[in-house]
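Chemist: I'm passing along input_32.pdb; it holds PDB, C-alpha atoms.
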ATOM      1  CA  SER M   1     136.979   2.113  79.272  1.00  0.00           C
ATOM      2  CA  ALA M   2     133.583   2.319  77.644  1.00  0.00           C
ATOM      3  CA  LEU M   3     131.363  -0.715  77.691  1.00  0.00           C
ATOM      4  CA  GLY M   4     130.079  -1.970  74.348  1.00  0.00           C
ATOM      5  CA  THR M   5     126.314  -1.968  74.096  1.00  0.00           C
ATOM      6  CA  THR M   6     123.937  -3.998  72.026  1.00  0.00           C
ATOM      7  CA  THR M   7     120.270  -3.160  71.801  1.00  0.00           C
ATOM      8  CA  ALA M   8     118.329  -6.271  72.784  1.00  0.00           C
ATOM      9  CA  MET M   9     114.907  -4.626  72.801  1.00  0.00           C
ATOM     10  CA  SER M  10     113.546  -1.234  71.806  1.00  0.00           C
ATOM     11  CA  PHE M  11     110.251   0.540  72.261  1.00  0.00           C
ATOM     12  CA  ASP M  12     109.058   3.377  70.057  1.00  0.00           C
ATOM     13  CA  ALA M  13     106.662   6.214  70.878  1.00  0.00           C
ATOM     14  CA  ASN M  14     103.689   4.071  69.765  1.00  0.00           C
ATOM     15  CA  GLY M  15     104.617   1.232  72.120  1.00  0.00           C
ATOM     16  CA  ILE M  16     105.873  -0.993  69.300  1.00  0.00           C
ATOM     17  CA  ILE M  17     108.513  -3.414  70.572  1.00  0.00           C
ATOM     18  CA  THR M  18     111.315  -4.740  68.385  1.00  0.00           C
ATOM     19  CA  LYS M  19     113.875  -7.378  69.340  1.00  0.00           C
ATOM     20  CA  PRO M  20     116.763  -7.120  66.875  1.00  0.00           C
ATOM     21  CA  LEU M  21     118.517 -10.213  68.313  1.00  0.00           C
ATOM     22  CA  GLN M  22     115.437 -12.474  68.247  1.00  0.00           C
ATOM     23  CA  PRO M  23     116.305 -15.672  66.301  1.00  0.00           C
ATOM     24  CA  ALA M  24     114.773 -15.613  62.820  1.00  0.00           C
ATOM     25  CA  PHE M  25     115.728 -17.063  59.436  1.00  0.00           C
ATOM     26  CA  SER M  26     114.467 -17.431  55.890  1.00  0.00           C
ATOM     27  CA  ALA M  27     116.161 -19.807  53.435  1.00  0.00           C
ATOM     28  CA  TYR M  28     115.646 -20.875  49.809  1.00  0.00           C
ATOM     29  CA  LEU M  29     117.149 -23.149  47.121  1.00  0.00           C
ATOM     30  CA  SER M  30     119.686 -21.683  44.688  1.00  0.00           C
ATOM     31  CA  ALA M  31     118.871 -24.370  42.069  1.00  0.00           C
ATOM     32  CA  ASN M  32     116.133 -26.906  41.436  1.00  0.00           C
ATOM     33  CA  GLN M  33     116.486 -30.191  43.290  1.00  0.00           C
ATOM     34  CA  ASP M  34     115.776 -32.486  40.342  1.00  0.00           C
ATOM     35  CA  ASN M  35     114.297 -35.990  40.306  1.00  0.00           C
ATOM     36  CA  PHE M  36     114.357 -36.571  44.052  1.00  0.00           C
ATOM     37  CA  ALA M  37     114.375 -40.220  45.178  1.00  0.00           C
ATOM     38  CA  LEU M  38     111.247 -42.330  45.653  1.00  0.00           C
ATOM     39  CA  ASN M  39     109.994 -43.958  48.860  1.00  0.00           C
ATOM     40  CA  SER M  40     112.405 -42.190  51.206  1.00  0.00           C
ATOM     41  CA  THR M  41     112.516 -38.803  52.897  1.00  0.00           C
ATOM     42  CA  VAL M  42     114.898 -36.550  50.974  1.00  0.00           C
ATOM     43  CA  THR M  43     116.251 -33.425  52.695  1.00  0.00           C
ATOM     44  CA  VAL M  44     115.454 -30.243  50.778  1.00  0.00           C
ATOM     45  CA  VAL M  45     118.595 -28.303  49.810  1.00  0.00           C
ATOM     46  CA  PHE M  46     117.908 -24.879  51.326  1.00  0.00           C
ATOM     47  CA  ASP M  47     121.385 -23.542  50.547  1.00  0.00           C
ATOM     48  CA  ARG M  48     120.808 -19.765  50.440  1.00  0.00           C
ATOM     49  CA  GLU M  49     119.420 -17.249  52.936  1.00  0.00           C
ATOM     50  CA  TYR M  50     117.277 -14.158  52.623  1.00  0.00           C
ATOM     51  CA  TYR M  51     118.229 -13.386  56.238  1.00  0.00           C
ATOM     52  CA  ASP M  52     119.513 -15.199  59.301  1.00  0.00           C
ATOM     53  CA  VAL M  53     119.476 -13.285  62.580  1.00  0.00           C
ATOM     54  CA  ASN M  54     122.134 -14.826  64.888  1.00  0.00           C
ATOM     55  CA  ALA M  55     123.413 -17.221  62.184  1.00  0.00           C
ATOM     56  CA  ASP M  56     121.337 -20.208  63.386  1.00  0.00           C
ATOM     57  CA  PHE M  57     120.642 -21.618  59.911  1.00  0.00           C
ATOM     58  CA  ASN M  58     123.359 -23.699  58.226  1.00  0.00           C
ATOM     59  CA  THR M  59     123.307 -23.517  54.411  1.00  0.00           C
ATOM     60  CA  SER M  60     125.756 -26.428  54.061  1.00  0.00           C
ATOM     61  CA  ASN M  61     123.507 -28.990  55.789  1.00  0.00           C
ATOM     62  CA  TYR M  62     120.167 -27.135  55.342  1.00  0.00           C
ATOM     63  CA  THR M  63     119.493 -27.169  59.090  1.00  0.00           C
ATOM     64  CA  PHE M  64     118.128 -24.671  61.599  1.00  0.00           C
ATOM     65  CA  THR M  65     119.582 -25.093  65.105  1.00  0.00           C
ATOM     66  CA  ALA M  66     117.645 -23.538  67.989  1.00  0.00           C
ATOM     67  CA  PRO M  67     119.947 -21.260  69.976  1.00  0.00           C
ATOM     68  CA  VAL M  68     117.679 -21.303  73.052  1.00  0.00           C
ATOM     69  CA  THR M  69     114.830 -23.425  74.394  1.00  0.00           C
ATOM     70  CA  GLY M  70     111.420 -22.148  73.316  1.00  0.00           C
ATOM     71  CA  LYS M  71     108.512 -22.289  70.907  1.00  0.00           C
ATOM     72  CA  TYR M  72     109.428 -21.668  67.273  1.00  0.00           C
ATOM     73  CA  GLN M  73     107.062 -20.806  64.428  1.00  0.00           C
ATOM     74  CA  ILE M  74     108.243 -22.772  61.380  1.00  0.00           C
ATOM     75  CA  ASN M  75     106.909 -22.041  57.883  1.00  0.00           C
ATOM     76  CA  ILE M  76     107.409 -24.084  54.725  1.00  0.00           C
ATOM     77  CA  THR M  77     106.408 -23.283  51.142  1.00  0.00           C
ATOM     78  CA  LEU M  78     107.337 -25.739  48.385  1.00  0.00           C
ATOM     79  CA  ARG M  79     106.676 -25.950  44.680  1.00  0.00           C
ATOM     80  CA  PHE M  80     106.914 -29.382  43.098  1.00  0.00           C
ATOM     81  CA  ASN M  81     107.666 -29.501  39.350  1.00  0.00           C
ATOM     82  CA  ASN M  82     106.809 -32.471  37.092  1.00  0.00           C
ATOM     83  CA  VAL M  83     104.253 -33.960  39.486  1.00  0.00           C
ATOM     84  CA  ASP M  84     103.644 -37.618  38.648  1.00  0.00           C
ATOM     85  CA  THR M  85     100.007 -38.748  38.725  1.00  0.00           C
ATOM     86  CA  ALA M  86     101.201 -42.340  39.205  1.00  0.00           C
ATOM     87  CA  ALA M  87     102.625 -41.439  42.636  1.00  0.00           C
ATOM     88  CA  GLY M  88     100.607 -42.612  45.621  1.00  0.00           C
ATOM     89  CA  PHE M  89     101.182 -39.282  47.383  1.00  0.00           C
ATOM     90  CA  TYR M  90     103.720 -36.553  48.060  1.00  0.00           C
ATOM     91  CA  GLN M  91     104.454 -35.391  51.578  1.00  0.00           C
ATOM     92  CA  THR M  92     106.426 -32.493  53.019  1.00  0.00           C
ATOM     93  CA  ILE M  93     107.924 -33.321  56.408  1.00  0.00           C
ATOM     94  CA  LEU M  94     109.461 -31.097  59.064  1.00  0.00           C
ATOM     95  CA  THR M  95     111.901 -33.132  61.146  1.00  0.00           C
ATOM     96  CA  THR M  96     112.990 -31.709  64.487  1.00  0.00           C
ATOM     97  CA  SER M  97     115.108 -33.310  67.196  1.00  0.00           C
ATOM     98  CA  ASN M  98     111.914 -33.979  69.167  1.00  0.00           C
ATOM     99  CA  ARG M  99     109.656 -35.335  66.397  1.00  0.00           C
ATOM    100  CA  GLY M 100     108.582 -35.294  62.786  1.00  0.00           C
ATOM    101  CA  TYR M 101     105.596 -33.373  61.422  1.00  0.00           C
ATOM    102  CA  ALA M 102     103.693 -34.029  58.193  1.00  0.00           C
ATOM    103  CA  VAL M 103     103.312 -30.403  57.115  1.00  0.00           C
ATOM    104  CA  PHE M 104     101.210 -31.085  54.015  1.00  0.00           C
ATOM    105  CA  THR M 105     100.330 -34.039  51.810  1.00  0.00           C
ATOM    106  CA  ILE M 106      99.388 -34.005  48.126  1.00  0.00           C
ATOM    107  CA  ASP M 107      97.283 -36.676  46.435  1.00  0.00           C
ATOM    108  CA  PRO M 108      98.212 -36.363  42.730  1.00  0.00           C
ATOM    109  CA  ASN M 109      94.954 -37.866  41.502  1.00  0.00           C
ATOM    110  CA  TYR M 110      94.838 -35.879  38.255  1.00  0.00           C
ATOM    111  CA  SER M 111      94.186 -36.943  34.671  1.00  0.00           C
ATOM    112  CA  ALA M 112      97.717 -35.976  33.551  1.00  0.00           C
ATOM    113  CA  ASP M 113     101.085 -35.112  35.113  1.00  0.00           C
ATOM    114  CA  LEU M 114     101.221 -31.539  36.386  1.00  0.00           C
ATOM    115  CA  ALA M 115     103.871 -29.003  35.397  1.00  0.00           C
ATOM    116  CA  TYR M 116     103.863 -27.725  38.989  1.00  0.00           C
ATOM    117  CA  LEU M 117     101.952 -27.813  42.265  1.00  0.00           C
ATOM    118  CA  HIS M 118     102.446 -25.517  45.246  1.00  0.00           C
ATOM    119  CA  GLY M 119     101.882 -26.307  48.926  1.00  0.00           C
ATOM    120  CA  ASN M 120     102.606 -24.635  52.234  1.00  0.00           C
ATOM    121  CA  GLY M 121     102.147 -25.061  55.953  1.00  0.00           C
ATOM    122  CA  SER M 122     103.132 -23.673  59.335  1.00  0.00           C
ATOM    123  CA  ILE M 123     103.721 -25.377  62.668  1.00  0.00           C
ATOM    124  CA  LEU M 124     104.513 -24.047  66.122  1.00  0.00           C
ATOM    125  CA  VAL M 125     107.147 -26.431  67.488  1.00  0.00           C
ATOM    126  CA  ASP M 126     108.798 -26.932  70.865  1.00  0.00           C
ATOM    127  CA  MET M 127     112.584 -26.938  70.595  1.00  0.00           C
ATOM    128  CA  ASP M 128     115.307 -27.162  73.215  1.00  0.00           C
ATOM    129  CA  ALA M 129     118.603 -25.313  72.839  1.00  0.00           C
ATOM    130  CA  SER M 130     120.706 -27.109  70.170  1.00  0.00           C
ATOM    131  CA  ASP M 131     117.692 -28.993  68.715  1.00  0.00           C
ATOM    132  CA  THR M 132     117.624 -29.013  64.920  1.00  0.00           C
ATOM    133  CA  ALA M 133     114.998 -28.733  62.177  1.00  0.00           C
ATOM    134  CA  THR M 134     115.143 -29.765  58.513  1.00  0.00           C
ATOM    135  CA  VAL M 135     112.605 -30.053  55.696  1.00  0.00           C
ATOM    136  CA  GLY M 136     112.167 -33.261  53.722  1.00  0.00           C
ATOM    137  CA  VAL M 137     110.059 -34.418  50.803  1.00  0.00           C
ATOM    138  CA  TYR M 138     108.691 -37.901  50.242  1.00  0.00           C
ATOM    139  CA  GLN M 139     107.187 -39.380  47.078  1.00  0.00           C
ATOM    140  CA  ASN M 140     105.345 -42.661  47.467  1.00  0.00           C
ATOM    141  CA  ASN M 141     105.861 -44.826  44.350  1.00  0.00           C
ATOM    142  CA  GLY M 142     105.423 -43.599  40.778  1.00  0.00           C
ATOM    143  CA  THR M 143     108.216 -42.337  38.537  1.00  0.00           C
ATOM    144  CA  GLN M 144     111.313 -40.533  39.815  1.00  0.00           C
ATOM    145  CA  GLN M 145     110.730 -37.310  37.865  1.00  0.00           C
ATOM    146  CA  THR M 146     109.616 -34.702  40.384  1.00  0.00           C
ATOM    147  CA  ASP M 147     111.714 -31.671  41.282  1.00  0.00           C
ATOM    148  CA  VAL M 148     111.683 -29.157  44.119  1.00  0.00           C
ATOM    149  CA  SER M 149     111.742 -25.691  42.547  1.00  0.00           C
ATOM    150  CA  SER M 150     114.323 -23.023  43.352  1.00  0.00           C
ATOM    151  CA  GLY M 151     114.238 -19.360  44.339  1.00  0.00           C
ATOM    152  CA  THR M 152     111.137 -17.708  45.733  1.00  0.00           C
ATOM    153  CA  ASP M 153     108.974 -20.766  44.932  1.00  0.00           C
ATOM    154  CA  CYS M 154     110.329 -22.556  48.019  1.00  0.00           C
ATOM    155  CA  VAL M 155     111.025 -20.990  51.406  1.00  0.00           C
ATOM    156  CA  PHE M 156     111.890 -22.470  54.826  1.00  0.00           C
ATOM    157  CA  SER M 157     111.581 -19.856  57.568  1.00  0.00           C
ATOM    158  CA  GLY M 158     111.181 -19.638  61.289  1.00  0.00           C
ATOM    159  CA  TYR M 159     111.482 -17.490  64.375  1.00  0.00           C
ATOM    160  CA  LEU M 160     111.401 -17.723  68.156  1.00  0.00           C
ATOM    161  CA  VAL M 161     107.930 -16.923  69.478  1.00  0.00           C
ATOM    162  CA  ALA M 162     108.205 -17.581  73.218  1.00  0.00           C
TER
END
As structure tokens, how would this structure be written, given the file I've shared?
Modeler:
Amino acid sequence: SALGTTTAMSFDANGIITKPLQPAFSAYLSANQDNFALNSTVTVVFDREYYDVNADFNTSNYTFTAPVTGKYQINITLRFNNVDTAAGFYQTILTTSNRGYAVFTIDPNYSADLAYLHGNGSILVDMDASDTATVGVYQNNGTQQTDVSSGTDCVFSGYLVA
């Protein structure tokens, strides 16, 4: 009987290496996450995928689970709608099994509420096999009016580096 084969790594004539099984994902929100709660970390609802090599991202609990131990590059882009100038600050937090990371913080010290404000950040994190990662948002005080935008405005992505 013939053995099934799966290409784990390929090299082209220019020496370019591709790893088609390397864990990688990119997720987004299918709808705005409206009026998220104040003074607590709220998990962002990344419920759709652009791609998910190896099916390591769960769209029902918005969580990436590391399939193997290694260093993972995690990227987060968020757009906040209806930014409240009365808020003390907004923070985007990456929470992994090992620790939490403040990815970016916004001080909404403007003369009027903003229709939208974009932020992004990247972190190289150490994850063991079965460790998880989620994205949260936190608004300190102010009015509960801010939304996380949907579609291409917000992306949670990552891949195994080493």
Chemist: Given the file shown, enumerate the residues that the PyMOL selection byres ((chain M and resi 99) around 12) captures and present them as a PyMOL selection string.
Modeler: chain M and resi 93-98+100-102+125-127+131-134
Chemist: So, with only C-alpha atoms as the atoms that count, which of M:Thr146, M:Ser157, M:Thr6, M:Thr105 lies closest to M:Asp34?
Modeler: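 Ranking M:Thr146, M:Ser157, M:Thr6, M:Thr105 by distance to M:Asp34, first place goes to M:Thr146.
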Chemist: Expressed in Å to a single decimal, how great is the separation between atom CA of M:Ser111 and atom CA of M:Arg79?
Modeler: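 That distance, rounded to one decimal, is 19.4 Å.
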Chemist: Between M:Ile123, M:Val137, M:Ala37, M:Gln144, which one has atoms that come closest to M:Lys71, using only C-alpha atoms?
Modeler: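 The answer is M:Ile123, which sits nearest to M:Lys71.
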Chemist: I'd like the interatomic distance between atom CA of M:Phe64 and atom CA of M:Ser30, to a tenth of an Å.
Modeler: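 These two atoms are separated by 17.2 Å.
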Chemist: Report the distance between atom CA of M:Ser150 and atom CA of M:Ala31 in Å, rounded to one decimal place.
Modeler: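 These two atoms are separated by 4.9 Å.
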Chemist: Could you tell me, as number ranges by chain, exactly which residues end up selected when the PyMOL selection byres ((chain M and resi 158) around 7) is applied to this structure?
Modeler: M: 24-26, 72-75, 157, 159
Chemist: Please rebuild stretch 60-82 of chain M with N, CA, C and O atoms and return the result as a PDB file, keeping the file's coordinate frame.
Modeler:
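Written file, result.pdb:
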ATOM      1  N   SER M  60     125.015 -25.273  54.583  1.00  0.00           N
ATOM      2  CA  SER M  60     125.756 -26.428  54.061  1.00  0.00           C
ATOM      3  C   SER M  60     125.069 -27.752  54.407  1.00  0.00           C
ATOM      4  O   SER M  60     125.248 -28.741  53.709  1.00  0.00           O
ATOM      5  N   ASN M  61     124.258 -27.766  55.476  1.00  0.00           N
ATOM      6  CA  ASN M  61     123.507 -28.990  55.789  1.00  0.00           C
ATOM      7  C   ASN M  61     122.002 -28.723  55.884  1.00  0.00           C
ATOM      8  O   ASN M  61     121.252 -29.587  56.312  1.00  0.00           O
ATOM      9  N   TYR M  62     121.579 -27.499  55.519  1.00  0.00           N
ATOM     10  CA  TYR M  62     120.167 -27.135  55.342  1.00  0.00           C
ATOM     11  C   TYR M  62     119.383 -27.254  56.650  1.00  0.00           C
ATOM     12  O   TYR M  62     118.208 -27.630  56.652  1.00  0.00           O
ATOM     13  N   THR M  63     120.024 -26.911  57.761  1.00  0.00           N
ATOM     14  CA  THR M  63     119.493 -27.169  59.090  1.00  0.00           C
ATOM     15  C   THR M  63     119.420 -25.898  59.925  1.00  0.00           C
ATOM     16  O   THR M  63     120.387 -25.130  59.990  1.00  0.00           O
ATOM     17  N   PHE M  64     118.276 -25.717  60.586  1.00  0.00           N
ATOM     18  CA  PHE M  64     118.128 -24.671  61.599  1.00  0.00           C
ATOM     19  C   PHE M  64     118.442 -25.299  62.949  1.00  0.00           C
ATOM     20  O   PHE M  64     117.938 -26.379  63.268  1.00  0.00           O
ATOM     21  N   THR M  65     119.266 -24.636  63.757  1.00  0.00           N
ATOM     22  CA  THR M  65     119.582 -25.093  65.105  1.00  0.00           C
ATOM     23  C   THR M  65     119.082 -24.046  66.092  1.00  0.00           C
ATOM     24  O   THR M  65     119.493 -22.876  66.018  1.00  0.00           O
ATOM     25  N   ALA M  66     118.214 -24.455  66.998  1.00  0.00           N
ATOM     26  CA  ALA M  66     117.645 -23.538  67.989  1.00  0.00           C
ATOM     27  C   ALA M  66     118.741 -23.068  68.946  1.00  0.00           C
ATOM     28  O   ALA M  66     119.411 -23.893  69.561  1.00  0.00           O
ATOM     29  N   PRO M  67     118.918 -21.757  69.072  1.00  0.00           N
ATOM     30  CA  PRO M  67     119.947 -21.260  69.976  1.00  0.00           C
ATOM     31  C   PRO M  67     119.525 -21.306  71.444  1.00  0.00           C
ATOM     32  O   PRO M  67     120.375 -21.376  72.329  1.00  0.00           O
ATOM     33  N   VAL M  68     118.219 -21.263  71.691  1.00  0.00           N
ATOM     34  CA  VAL M  68     117.679 -21.303  73.052  1.00  0.00           C
ATOM     35  C   VAL M  68     116.423 -22.168  73.067  1.00  0.00           C
ATOM     36  O   VAL M  68     115.785 -22.388  72.040  1.00  0.00           O
ATOM     37  N   THR M  69     116.054 -22.649  74.229  1.00  0.00           N
ATOM     38  CA  THR M  69     114.830 -23.425  74.394  1.00  0.00           C
ATOM     39  C   THR M  69     113.625 -22.499  74.236  1.00  0.00           C
ATOM     40  O   THR M  69     113.621 -21.380  74.767  1.00  0.00           O
ATOM     41  N   GLY M  70     112.615 -22.961  73.499  1.00  0.00           N
ATOM     42  CA  GLY M  70     111.420 -22.148  73.316  1.00  0.00           C
ATOM     43  C   GLY M  70     110.488 -22.729  72.281  1.00  0.00           C
ATOM     44  O   GLY M  70     110.680 -23.840  71.787  1.00  0.00           O
ATOM     45  N   LYS M  71     109.488 -21.943  71.946  1.00  0.00           N
ATOM     46  CA  LYS M  71     108.512 -22.289  70.907  1.00  0.00           C
ATOM     47  C   LYS M  71     108.888 -21.527  69.650  1.00  0.00           C
ATOM     48  O   LYS M  71     109.058 -20.310  69.677  1.00  0.00           O
ATOM     49  N   TYR M  72     109.013 -22.253  68.544  1.00  0.00           N
ATOM     50  CA  TYR M  72     109.428 -21.668  67.273  1.00  0.00           C
ATOM     51  C   TYR M  72     108.325 -21.845  66.232  1.00  0.00           C
ATOM     52  O   TYR M  72     107.805 -22.946  66.052  1.00  0.00           O
ATOM     53  N   GLN M  73     107.993 -20.754  65.552  1.00  0.00           N
ATOM     54  CA  GLN M  73     107.062 -20.806  64.428  1.00  0.00           C
ATOM     55  C   GLN M  73     107.870 -21.174  63.191  1.00  0.00           C
ATOM     56  O   GLN M  73     108.792 -20.452  62.820  1.00  0.00           O
ATOM     57  N   ILE M  74     107.542 -22.301  62.572  1.00  0.00           N
ATOM     58  CA  ILE M  74     108.243 -22.772  61.380  1.00  0.00           C
ATOM     59  C   ILE M  74     107.268 -22.723  60.204  1.00  0.00           C
ATOM     60  O   ILE M  74     106.126 -23.184  60.317  1.00  0.00           O
ATOM     61  N   ASN M  75     107.732 -22.194  59.085  1.00  0.00           N
ATOM     62  CA  ASN M  75     106.909 -22.041  57.883  1.00  0.00           C
ATOM     63  C   ASN M  75     107.616 -22.685  56.693  1.00  0.00           C
ATOM     64  O   ASN M  75     108.823 -22.510  56.530  1.00  0.00           O
ATOM     65  N   ILE M  76     106.846 -23.408  55.889  1.00  0.00           N
ATOM     66  CA  ILE M  76     107.409 -24.084  54.725  1.00  0.00           C
ATOM     67  C   ILE M  76     106.500 -23.848  53.522  1.00  0.00           C
ATOM     68  O   ILE M  76     105.290 -24.078  53.605  1.00  0.00           O
ATOM     69  N   THR M  77     107.097 -23.402  52.426  1.00  0.00           N
ATOM     70  CA  THR M  77     106.408 -23.283  51.142  1.00  0.00           C
ATOM     71  C   THR M  77     107.247 -24.032  50.116  1.00  0.00           C
ATOM     72  O   THR M  77     108.450 -23.780  50.006  1.00  0.00           O
ATOM     73  N   LEU M  78     106.620 -24.971  49.404  1.00  0.00           N
ATOM     74  CA  LEU M  78     107.337 -25.739  48.385  1.00  0.00           C
ATOM     75  C   LEU M  78     106.537 -25.764  47.089  1.00  0.00           C
ATOM     76  O   LEU M  78     105.310 -25.846  47.107  1.00  0.00           O
ATOM     77  N   ARG M  79     107.273 -25.731  46.004  1.00  0.00           N
ATOM     78  CA  ARG M  79     106.676 -25.950  44.680  1.00  0.00           C
ATOM     79  C   ARG M  79     107.315 -27.194  44.094  1.00  0.00           C
ATOM     80  O   ARG M  79     108.533 -27.285  43.949  1.00  0.00           O
ATOM     81  N   PHE M  80     106.462 -28.168  43.775  1.00  0.00           N
ATOM     82  CA  PHE M  80     106.914 -29.382  43.098  1.00  0.00           C
ATOM     83  C   PHE M  80     106.729 -29.181  41.598  1.00  0.00           C
ATOM     84  O   PHE M  80     105.680 -28.735  41.151  1.00  0.00           O
ATOM     85  N   ASN M  81     107.747 -29.523  40.819  1.00  0.00           N
ATOM     86  CA  ASN M  81     107.666 -29.501  39.350  1.00  0.00           C
ATOM     87  C   ASN M  81     107.591 -30.942  38.855  1.00  0.00           C
ATOM     88  O   ASN M  81     108.143 -31.839  39.479  1.00  0.00           O
ATOM     89  N   ASN M  82     106.938 -31.151  37.713  1.00  0.00           N
ATOM     90  CA  ASN M  82     106.809 -32.471  37.092  1.00  0.00           C
ATOM     91  C   ASN M  82     106.152 -33.479  38.033  1.00  0.00           C
ATOM     92  O   ASN M  82     106.682 -34.561  38.292  1.00  0.00           O
TER      93      ASN M  82
END
